[in-house]
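I have placed the structure first, in the form of structure tokens, so that the comments after it can refer back to it.
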Amino acid sequence: MKFTERLIVKLEPVWRQNHHHPFVTGMGDGTLDPAKFRFFMIQDYLYLIEYAKLFALGVVKAKDVATMGKFATLLESTLNTEMSLHRAYCAKFGITDADLAQAEHAPTTLAYSHYMLHVSSNGTLADLVAALLPCMWSYWEIGKALSRTPGAVDHPLYGEWIAMYSSPEFEELTRWCLDLMNELTAGMREPELLELERIFLHTTRFEYLFWEMAYHEQSWPVAEQEGGEGR
């Protein structure tokens with residue numbers, strides 16, 4: 001059994017809860033409150049900035065030129081193409097470049113991105129891939145599932161997101177990461193595999209918390225009265 005297959009067999013209940021979160025299902029049937037998606041888009045932009053750093057670390061930790069080159073391509077594409085598209089999509093929700101530049105990381109965004117960077121900076125290439133994989137893999141699966149909902153891809157607000165993550169291009173990227181994970185874990189000892197499972201589980205849980213954060217628009221606590229202090 002490939003390691004990625006083992007992950008889903010062992011962690012399926014946790015893995016699947018992301019697919020059924022009301023934020024996700026709301027995108028599919030078009031009932032999601034646009035304010036919640038707007039909150040998500042801002043936080044996702046901040047997350048992408050940190051996520052791109054994982055690709056830079058992948059270049060550093062890769063052992064061969066081909067893998068280095070792939071991570072370098074992912075870094076360039078994320079920073080110069082995907083984030084440009086993200087900003088254009090944000091404009092549909094009235095989010096300006098200034099809004100994005102001034103936005104503050106919500107607690108979940110900060111914790112999630114810092115955990116991934118900590119694991120990736122201090123661990124192996126396999127640790128890095130285990131940390132970044134749940135985001136990419138779950139988005140691909142969610143995109144595919146939602147794209148099968150009649151009318152979902154054509155929705156004026158959420159259709160573009162669904163089309164992006166169900167696209168052949170995103171599938172190719174995801175499959176490359178899955179193959180790399182399986183390649184890196186081939187012949188690995190059980191204690192090392194268990195550690196990778198733990199990393200994958202943590203970032204899968206963070207994926208759920210990210211949906212939860214966006215659905216409830218959870219940011220830092222603030223004082224209810226002017227002049228008070230937040231906790």
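To be explicit about the labels: the chains of the structure tokens are called A, B, and onward in the order shown, and within each one the residues are counted from 1, while ligands get numbers from 1 in the order they are shown.
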Exercise for review: Do a neighbour search on A:Pro13 at 12 Å with only C-alpha atoms, toss out local chain neighbours closer than 6 positions, and write the hits as a ChimeraX atom specification.
Suggested key: /A:7,19-20,201,204-205,208
Restricting the output to C-alpha atoms, write the selected residues as a CSV table (one decimal), in the first residue's frame.
chain,number,residue,atom,x,y,z
A,7,LEU,CA,-3.0,8.0,5.2
A,19,HIS,CA,-15.4,17.8,2.6
A,20,HIS,CA,-18.7,18.1,4.6
A,201,LEU,CA,-3.0,14.8,10.7
A,204,THR,CA,-5.6,18.2,8.0
A,205,ARG,CA,-7.1,19.4,11.3
A,208,TYR,CA,-10.9,22.0,9.1
Review point. A:Thr174: which residues within 12 Å, counting only C-alpha atoms, same-chain residues fewer than 6 positions away excluded, as a PyMOL selection string?
Key: chain A and resi 4+74+129+132-141+165-168+180-181
Skipping near chain neighbours, those fewer than 5 positions away, what residues fall within 7 Å of stretch 27-41 of chain A using only C-alpha atoms, listed as a tab-separated table (two decimals) with N, CA and C atoms, in the first residue's frame?
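Generated file (out27.tsv):
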chain	number	residue	atom	x	y	z
A	90	CYS	N	-10.60	38.51	-5.68
A	90	CYS	CA	-10.99	39.29	-4.50
A	90	CYS	C	-11.77	40.54	-4.89
A	93	PHE	N	-15.44	40.71	-4.77
A	93	PHE	CA	-16.06	40.83	-3.45
A	93	PHE	C	-15.75	42.17	-2.81
A	146	LEU	N	-17.46	19.27	-5.79
A	146	LEU	CA	-18.39	20.37	-5.99
A	146	LEU	C	-18.69	20.60	-7.47
A	149	THR	N	-21.78	19.07	-8.85
A	149	THR	CA	-23.08	19.61	-8.46
A	149	THR	C	-23.63	20.46	-9.60
A	152	ALA	N	-22.88	24.40	-10.19
A	152	ALA	CA	-21.90	24.92	-9.24
A	152	ALA	C	-20.77	25.67	-9.94
A	155	HIS	N	-21.71	29.20	-10.96
A	155	HIS	CA	-22.19	30.15	-9.95
A	155	HIS	C	-21.38	31.45	-10.06
A	158	TYR	N	-18.99	31.63	-6.63
A	158	TYR	CA	-18.15	30.52	-6.19
A	158	TYR	C	-17.70	29.60	-7.33
A	214	ALA	N	-13.43	30.66	8.77
A	214	ALA	CA	-14.06	31.48	7.72
A	214	ALA	C	-15.58	31.47	7.87
A	215	TYR	N	-16.14	30.32	8.21
A	215	TYR	CA	-17.59	30.21	8.32
A	215	TYR	C	-18.13	31.10	9.44
A	217	GLU	N	-16.31	33.65	10.69
A	217	GLU	CA	-15.57	34.92	10.59
A	217	GLU	C	-14.83	35.23	11.90
Check your understanding: atom CA of A:Ala62 and atom CA of A:Thr81 are how many Å apart?
Key ->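 Separation between atom CA of A:Ala62 and atom CA of A:Thr81: 23.2 Å.
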Exercise for review: Using only C-alpha atoms, pick whichever of A:Trp220, A:Tyr89, A:Phe206, A:Tyr51 has the shortest atom-to-atom distance to A:Trp161.
Suggested key: A:Tyr89
Review point. As an MDAnalysis selection string, which residues of stretch 21-231 of chain A does DSSP assign to helix (DSSP H, G or I)?
Key: chainID A and resid 22:29 34:61 65:91 97:102 107:122 125:147 159:165 168:185 190:216
Check your understanding: What lies within 10 Å of stretch 103-107 of chain A using only C-alpha atoms, ignoring chain neighbours under 5 positions off, as a list of chain:residue names?
Key -> A:Phe39, A:Ile42, A:Gln43, A:Asp44, A:Tyr45, A:Leu46, A:Tyr47, A:Asp97, A:Ala98, A:Tyr112, A:Ser113, A:Phe210, A:Met213, A:Ala214, A:Glu217, A:Gln218, A:Ser219, A:Trp220, A:Pro221
Test item: residues at most 9 Å from A:His202, only C-alpha atoms, excluding those fewer than 5 positions along its chain, as a PDB file with N, CA and C atoms, in the first residue's frame:
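Written file, result_21.pdb:
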ATOM      1  N   TYR A 115       2.835  26.680  11.972  1.00  0.00           N
ATOM      2  CA  TYR A 115       3.100  25.251  12.182  1.00  0.00           C
ATOM      3  C   TYR A 115       3.758  24.653  10.940  1.00  0.00           C
ATOM      4  N   ALA A 131       3.357  18.248   5.410  1.00  0.00           N
ATOM      5  CA  ALA A 131       2.714  19.450   5.943  1.00  0.00           C
ATOM      6  C   ALA A 131       1.892  20.178   4.900  1.00  0.00           C
ATOM      7  N   GLU A 197       2.650  10.769   9.482  1.00  0.00           N
ATOM      8  CA  GLU A 197       1.202  10.700   9.705  1.00  0.00           C
ATOM      9  C   GLU A 197       0.759  11.787  10.675  1.00  0.00           C
ATOM     10  N   GLU A 207      -6.823  22.416   8.380  1.00  0.00           N
ATOM     11  CA  GLU A 207      -7.697  22.699   7.244  1.00  0.00           C
ATOM     12  C   GLU A 207      -9.143  22.839   7.707  1.00  0.00           C
TER      13      GLU A 207
END
Which residues are near A:Ile162? Cut-off 7 Å, only C-alpha atoms, ignore same chain within fewer than 6 positions. Put them as a short mmCIF file (atom, residue, chain, number, x, y, z; two decimals) with C-alpha atoms, in the first residue's frame.
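Resulting contents of around25.cif:
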data_model
loop_
_atom_site.label_atom_id
_atom_site.label_comp_id
_atom_site.auth_asym_id
_atom_site.auth_seq_id
_atom_site.Cartn_x
_atom_site.Cartn_y
_atom_site.Cartn_z
CA GLY A 143 -13.16 21.03 -6.15
CA LEU A 146 -18.39 20.37 -5.99
CA SER A 147 -17.91 20.54 -9.76
CA VAL A 153 -19.15 25.76 -11.74
#
